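Here is the structure we will look at.
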Amino acid sequence: MDLYSLTLVLYLFLIYWLIVVALDRKGILERFNISAFGPVLMIRTRRGERLLERLAKGARKERFWRIYANIGTILVLIAMTFMFILVVRSVYAMALMPPEPTEIHEPRNWLLIPGLNEFIPMLAWIGFVIALVVHELSHAVLSTVEKIKVKSMGLLVVLIPIGAFAEPDSEQLFGEKRKEGGKKRGEAREAAETEIRGKKVATSRERTRILSAGVTSNFFVALLAFLFFFAILFSVQPLDGTMLFVHKVLEGSPAEKFVIESGMVITGINGSKITSESVERMNDALSERKEIVFTVLDKNGKEREILIEGGYESVGLIIGGVVDGSPADKAGLKEGMSIIRMDTEKIDDSVDFQNFMNQTVPGQLVEVETRGGNFIVELGQVDRDEKGYLGVFFNPYDSLGMIVVDSKVYLKSLQALPSFFVSLSPLRWLYGWILLTIMPIDPPPSGFGGFNPLLIHLYEPVGVASFFGGGIFWIADVLFWVGWINFYVGLFNCLPAVPLDGGYVFKEMLNPVLRGIKEEKRKEKIVKAIVSLIAMVIFSSIMFMLIGPYLL
C-alpha cells in the first residue's frame with residue numbers, strides 16, 4: 001500500500017471514529033443495542049436463538065455435539081502441550097543464541113491482522129472472520145446443548161465486520177456472580193448466592209466441553225480448508241521450462257549488491273528461458289565471475305532485468321554448522337563464517353573444498369582463512385579414513401551469495417506436506433505442525449503465502465481444475481488462508497493462559513489433580529495461583545520473543 005492510499009484509509013478511519021463517538025454520546029447506539037469500545041462496535045442481537053435451537057435441540061444433536069466436544073477436549077490438551085513446549089523452547093533458544101531483529105519482530109507483525117501484518121494479505125480477512133464466527137458460534141451451540149443460557153450473540157465491527165461474539169450466562173457457566181463495585185464482599189457473595197439459586201450451574205465436564213468447542217471448530221474448519229487446498233495443489237503443474245526461486249540472499253554478498261532479494265523468481269538467463277543446460281551455463285558463468293543478465297519477477301509479480309557485472313568477489317564457502325568437539329570446533333570456526341582460502345588454495349565452492357580435503361591426511365595442520373580471521377586447524381580422522389577430517393557442513397550458497405531452488409522442486413515440497421500427518425511418528429506430526437505454523441513467514445521453498453501475485457506466473461491448472469482457469473489460484477489462496485488462520489487461532493487459544501480458552505480448560509483440569517485438598521477455598525486459591533503463574537510465564541515469554549532481539 002502506497003503512502004497516498006494509507007493516508008486515505010487513515011482519514012476514513014478517523015471520520016468513522018468521530019461518527020461513532022457522536023452517535024454514542026447522543027445515545028443512538030444504545031437505542032439499537034449497540035455498544036462502542038473505542039472504534040469497535042459490538043452489535044448485539046437475540047435473533048440467533050432460533051439458529052441455536054436448530055443446531056442444538058434434539059437428543060441426537062445433543063449427543064453428537066457432546067461427542068464432538070469430548071474429542072475436541074483431547075485435541076485441546078494435545079495442542080496445549082505442543083504450544084507450551086514450543087513457547088518455552090523458543091525462549092530458551094533465543095536466550096542461548098539471540099537472533100538479529102528482522103521484519104518478523106516489527107510491531108505491526110505482532111498482530112494477526114490482515115493487511116497490517118506484512119505476511120498476511122487482505123484476502124486473509126475472509127479466513128479471519130470465518131475463524132471468529134465459527135469459534136464463538138461453537139461456544140454458543142455447546143452452551144445451548146448444556147442448558148446454559150446465551151444472553152446475546154452479535155458482530156464486532158470496525159468499518160467492516162471483524163469478528164463475532166457469544167455471551168453465555170457467566171453465572172451459570174462458572175457458578176459465580178461478578179461482584180459489583182461499592183459492595184462489601186459479604187454482601188456481594190450473599191447477593192450472588194441468592195441470584196444463582198434456582199438456576200442450573202454447569203458441571204466441570206460441561207464447562208470443559210463448552211470452553212473446548214471454539215478451538216475444536218477452528219481445527220475442524222482448518223482441516224476441511226487444507227484438504228481442499230492440497231487437492232488443488234495436486235491439480236497444478238509448472239509451466240514449460242524451469243524457474244528458480246531465490247530462497248536466501250547472504251547479507252553483504254554480491255547478490256545483495258546487485259539488488260537480488262529473497263522471494264524473487266529468476267525466469268530467464270541472458271534473455272532465454274531457463275533449462276537444465278542454461279542452469280549449467282549459469283553456474284559456469286558464476287564460478288568464472290562472468291557477466292550475466294537475470295530476468296526476474298519481484299515479490300509483486302513485476303518483471304525486470306538485473307545485470308550481474310563480471311569480476312565480483314566470491315563470497316566463499318559459508319559454514320552452515322560445526323560438529324561439536326570436531327577439529328573445526330576446537331579451532332574456533334563458527335556457523336556463518338565464510339571460508340575463502342585453505343593454506344594456499346582459494347575456496348569458492350564445495351568442489352574446491354572437497355578437492356583440497358582429498359589431498360590432506362589426519363593430523364595435518366591447515367590454515368583456514370575466513371572473512372572473520374585466520375584459524376590453524378589440526379585435522380582429525382573418522383573411521384580409519386586416510387583423508388583429514390575438519391567437521392563442518394555448508395549452506396548451499398553460490399558464489400553470488402544466494403540459494404536458489406527450481407519451481408518443480410518447490411511444488412513437490414509443498415505437495416509433500418500432507419505426508420507428515422499420515423505418518424505414525426509423533427516427531428513427524430510435530431514437525432508438520434511447526435511447518436504449517438511458519439508457512440507464511442518463510443519464503444519459498446519452505447514457505448507459502450499464496451499463489452498471488454507471484455506464483456500464478458509459474459504454474460497452470462490441469463485436469464478438472466483447468467475449467468476454473470486462473471481463478472483456481474484465487475480459490476486456493478482463500479482456502480489456504482481460511483485453513484491457516486483457523487489453525488493459528490485454534491493453536492493460540494490452546495495456550496494455558498487465562499483469558500484464553502486453554503487457560504480455562506487448564507484450570508478445570510487442575511481441580512481433579514488437586515482433589516486431595518479437602519478445603520475448597522484453599523484448593524481454589526492454589527488453582528488460581530498456578531493458573532496465574534503459568535499465564536504470566538507464557539505472556540512474558542511471548543513478549544520476550546517479540547522484543548528480545550532488540551534488547552539482547
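Following the order of the C-alpha cells, first chain is A, next is B, and so on, with residues numbered from 1 inside each chain and ligands from 1 in the order they appear.
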Pick out the residues sitting within 8 Å of A:Thr216, and hand them over as a VMD selection string; count only C-alpha atoms, and ignore anything fewer than 5 positions along from it in its own chain.
chain A and resid 69 72 to 73 75 to 76 490
Residues of the last selection are to be written out with C-alpha atoms, as a JSON list (two decimals), in the first residue's frame.
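Result went into result.json, see below:
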```
[["chain", "number", "residue", "atom", "x", "y", "z"],
["A", 69, "ALA", "CA", -16.65, -31.57, 22.17],
["A", 72, "GLY", "CA", -12.14, -31.65, 20.92],
["A", 73, "THR", "CA", -11.07, -31.60, 24.57],
["A", 75, "LEU", "CA", -7.22, -32.11, 20.81],
["A", 76, "VAL", "CA", -7.06, -29.03, 23.04],
["A", 490, "GLY", "CA", -7.02, -22.55, 17.44]]
```
Within 12 Å of A:Lys57, counting only C-alpha atoms, which residues qualify if same-chain residues fewer than 4 places away don't, as number ranges by chain?
A: 49-53, 61-65, 141-147
Measure the distance from atom CA of A:Glu288 to atom CA of A:Pro254 in Å and round it to one decimal.
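Going from atom CA of A:Glu288 over to atom CA of A:Pro254 covers 14.0 Å.
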Pick out each residue of stretch 185-277 of chain A that DSSP on the backbone tags as strand (DSSP E or B); I need them as number ranges by chain.
A: 236-238, 244-249, 265-269, 272-273
All residues 9 Å or closer to stretch 450-464 of chain A, only C-alpha atoms, same chain fewer than 6 positions away omitted, as an MDAnalysis selection string
chainID A and resid 121 232:233 235:240 242:243 264:265 267 297:302 407 440 470 472:474 476:478 480:481
Pick out each residue of stretch 350-431 of chain A that DSSP on the backbone tags as helix (DSSP H, G or I); I need them as a PyMOL selection string.
chain A and resi 350-357+407-415+417-421+426-431
Selection export as a PDB file, in the first residue's frame, atoms kept: C-alpha atoms:
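The resulting file, out_13.pdb, is reproduced below:
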```pdb
ATOM      1  CA  SER A 350      32.167 -27.146  -2.158  1.00  0.00           C
ATOM      2  CA  VAL A 351      34.052 -28.655  -5.120  1.00  0.00           C
ATOM      3  CA  ASP A 352      37.155 -26.599  -4.265  1.00  0.00           C
ATOM      4  CA  PHE A 353      36.819 -27.622  -0.607  1.00  0.00           C
ATOM      5  CA  GLN A 354      36.458 -31.326  -1.408  1.00  0.00           C
ATOM      6  CA  ASN A 355      39.415 -31.274  -3.819  1.00  0.00           C
ATOM      7  CA  PHE A 356      41.589 -29.728  -1.092  1.00  0.00           C
ATOM      8  CA  MET A 357      40.435 -32.150   1.626  1.00  0.00           C
ATOM      9  CA  SER A 407       9.865 -24.283  -9.323  1.00  0.00           C
ATOM     10  CA  LYS A 408       9.372 -28.039  -9.810  1.00  0.00           C
ATOM     11  CA  VAL A 409      11.195 -28.862  -6.580  1.00  0.00           C
ATOM     12  CA  TYR A 410       9.184 -26.194  -4.740  1.00  0.00           C
ATOM     13  CA  LEU A 411       5.834 -27.633  -5.864  1.00  0.00           C
ATOM     14  CA  LYS A 412       6.927 -31.121  -4.809  1.00  0.00           C
ATOM     15  CA  SER A 413       7.969 -29.812  -1.372  1.00  0.00           C
ATOM     16  CA  LEU A 414       4.503 -28.290  -0.872  1.00  0.00           C
ATOM     17  CA  GLN A 415       2.782 -31.466  -2.054  1.00  0.00           C
ATOM     18  CA  LEU A 417       3.500 -31.611   3.466  1.00  0.00           C
ATOM     19  CA  PRO A 418       0.398 -33.842   3.981  1.00  0.00           C
ATOM     20  CA  SER A 419       2.709 -36.867   4.311  1.00  0.00           C
ATOM     21  CA  PHE A 420       3.744 -35.621   7.758  1.00  0.00           C
ATOM     22  CA  PHE A 421       0.177 -36.113   9.010  1.00  0.00           C
ATOM     23  CA  PRO A 426       4.845 -38.199  16.696  1.00  0.00           C
ATOM     24  CA  LEU A 427       8.014 -36.337  15.671  1.00  0.00           C
ATOM     25  CA  ARG A 428       6.822 -36.071  12.053  1.00  0.00           C
ATOM     26  CA  TRP A 429       3.446 -34.795  13.279  1.00  0.00           C
ATOM     27  CA  LEU A 430       5.217 -32.240  15.449  1.00  0.00           C
ATOM     28  CA  TYR A 431       7.431 -31.134  12.556  1.00  0.00           C
TER      29      TYR A 431
END
```
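If you look at atom CA of A:Ile485 and atom CA of A:Val40, they are 21.0 Å away from each other.
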Shell around stretch 310-318 of chain A at 12 Å using only C-alpha atoms, local window under 6 positions removed, as a ChimeraX atom specification
/A:249-258,285-293,333-342,345-354,368-372,392-403
Requested write-out: C-alpha atoms of the selected residues, as a PDB file, in the first residue's frame:
```
ATOM      1  CA  VAL A 249      20.440 -13.882  -0.006  1.00  0.00           C
ATOM      2  CA  LEU A 250      23.526 -13.555   2.168  1.00  0.00           C
ATOM      3  CA  GLU A 251      23.941 -10.173   3.838  1.00  0.00           C
ATOM      4  CA  GLY A 252      26.772  -8.171   2.264  1.00  0.00           C
ATOM      5  CA  SER A 253      27.037 -10.544  -0.717  1.00  0.00           C
ATOM      6  CA  PRO A 254      27.329  -9.580  -4.403  1.00  0.00           C
ATOM      7  CA  ALA A 255      23.713 -10.748  -4.865  1.00  0.00           C
ATOM      8  CA  GLU A 256      22.572  -8.153  -2.298  1.00  0.00           C
ATOM      9  CA  LYS A 257      24.730  -5.518  -4.009  1.00  0.00           C
ATOM     10  CA  PHE A 258      23.013  -6.235  -7.347  1.00  0.00           C
ATOM     11  CA  ALA A 285      29.481 -18.146 -15.546  1.00  0.00           C
ATOM     12  CA  LEU A 286      29.118 -17.614 -11.791  1.00  0.00           C
ATOM     13  CA  SER A 287      32.170 -19.738 -10.978  1.00  0.00           C
ATOM     14  CA  GLU A 288      34.231 -17.721 -13.505  1.00  0.00           C
ATOM     15  CA  ARG A 289      32.724 -14.361 -12.350  1.00  0.00           C
ATOM     16  CA  LYS A 290      31.445 -13.583 -15.855  1.00  0.00           C
ATOM     17  CA  GLU A 291      28.777 -11.007 -16.676  1.00  0.00           C
ATOM     18  CA  ILE A 292      25.228 -12.411 -16.680  1.00  0.00           C
ATOM     19  CA  VAL A 293      21.704 -10.985 -17.041  1.00  0.00           C
ATOM     20  CA  LEU A 333      35.343 -21.930  13.498  1.00  0.00           C
ATOM     21  CA  LYS A 334      31.682 -20.865  13.799  1.00  0.00           C
ATOM     22  CA  GLU A 335      28.453 -21.185  11.848  1.00  0.00           C
ATOM     23  CA  GLY A 336      28.052 -18.340   9.350  1.00  0.00           C
ATOM     24  CA  MET A 337      31.771 -17.848   8.726  1.00  0.00           C
ATOM     25  CA  SER A 338      32.912 -17.798   5.100  1.00  0.00           C
ATOM     26  CA  ILE A 339      35.945 -19.903   4.136  1.00  0.00           C
ATOM     27  CA  ILE A 340      37.828 -18.193   1.289  1.00  0.00           C
ATOM     28  CA  ARG A 341      41.204 -19.978   1.413  1.00  0.00           C
ATOM     29  CA  MET A 342      42.777 -23.129   2.895  1.00  0.00           C
ATOM     30  CA  GLU A 345      44.291 -22.884  -2.210  1.00  0.00           C
ATOM     31  CA  LYS A 346      41.390 -20.492  -2.984  1.00  0.00           C
ATOM     32  CA  ILE A 347      37.974 -21.882  -1.911  1.00  0.00           C
ATOM     33  CA  ASP A 348      34.958 -20.703  -3.914  1.00  0.00           C
ATOM     34  CA  ASP A 349      32.588 -23.643  -3.553  1.00  0.00           C
ATOM     35  CA  SER A 350      32.167 -27.146  -2.158  1.00  0.00           C
ATOM     36  CA  VAL A 351      34.052 -28.655  -5.120  1.00  0.00           C
ATOM     37  CA  ASP A 352      37.155 -26.599  -4.265  1.00  0.00           C
ATOM     38  CA  PHE A 353      36.819 -27.622  -0.607  1.00  0.00           C
ATOM     39  CA  GLN A 354      36.458 -31.326  -1.408  1.00  0.00           C
ATOM     40  CA  VAL A 368      41.839 -21.781   7.240  1.00  0.00           C
ATOM     41  CA  GLU A 369      41.283 -18.202   6.077  1.00  0.00           C
ATOM     42  CA  THR A 370      37.809 -16.749   6.634  1.00  0.00           C
ATOM     43  CA  ARG A 371      36.322 -13.283   6.444  1.00  0.00           C
ATOM     44  CA  GLY A 372      36.317 -13.378  10.247  1.00  0.00           C
ATOM     45  CA  VAL A 392      31.892 -28.666   9.195  1.00  0.00           C
ATOM     46  CA  PHE A 393      28.939 -28.673   6.801  1.00  0.00           C
ATOM     47  CA  PHE A 394      27.973 -25.893   4.453  1.00  0.00           C
ATOM     48  CA  ASN A 395      24.996 -23.838   3.322  1.00  0.00           C
ATOM     49  CA  PRO A 396      24.448 -24.191  -0.438  1.00  0.00           C
ATOM     50  CA  TYR A 397      25.139 -20.545  -1.337  1.00  0.00           C
ATOM     51  CA  ASP A 398      26.539 -19.935  -4.818  1.00  0.00           C
ATOM     52  CA  SER A 399      29.406 -17.533  -5.486  1.00  0.00           C
ATOM     53  CA  LEU A 400      26.908 -14.635  -5.682  1.00  0.00           C
ATOM     54  CA  GLY A 401      25.758 -15.412  -2.154  1.00  0.00           C
ATOM     55  CA  MET A 402      22.259 -16.732  -2.886  1.00  0.00           C
ATOM     56  CA  ILE A 403      20.437 -20.056  -2.554  1.00  0.00           C
TER      57      ILE A 403
END
```
Show which residues sit within 6 Å of A:Phe294, as a PyMOL selection string. Count only C-alpha atoms, and ignore same-chain residues fewer than 4 positions away.
chain A and resi 268-269+305-306
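Computed from the coordinates, the atom CA of A:Lys518 to atom CA of A:Leu495 distance equals 28.5 Å.
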Name all residues at most 7 Å from A:Ala225 (count only C-alpha atoms; drop same-chain ones fewer than 4 positions away) and give them as a list of chain:residue names.
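Selected residues are A:Val221, A:Phe229, A:Leu479, A:Phe480, A:Val482, A:Gly483.
Minimum atom-to-atom distances from A:Val279, A:Ala79, A:Leu41, A:Val531 to A:Leu29 were compared using only C-alpha atoms, and the lowest value belongs to A:Leu41.
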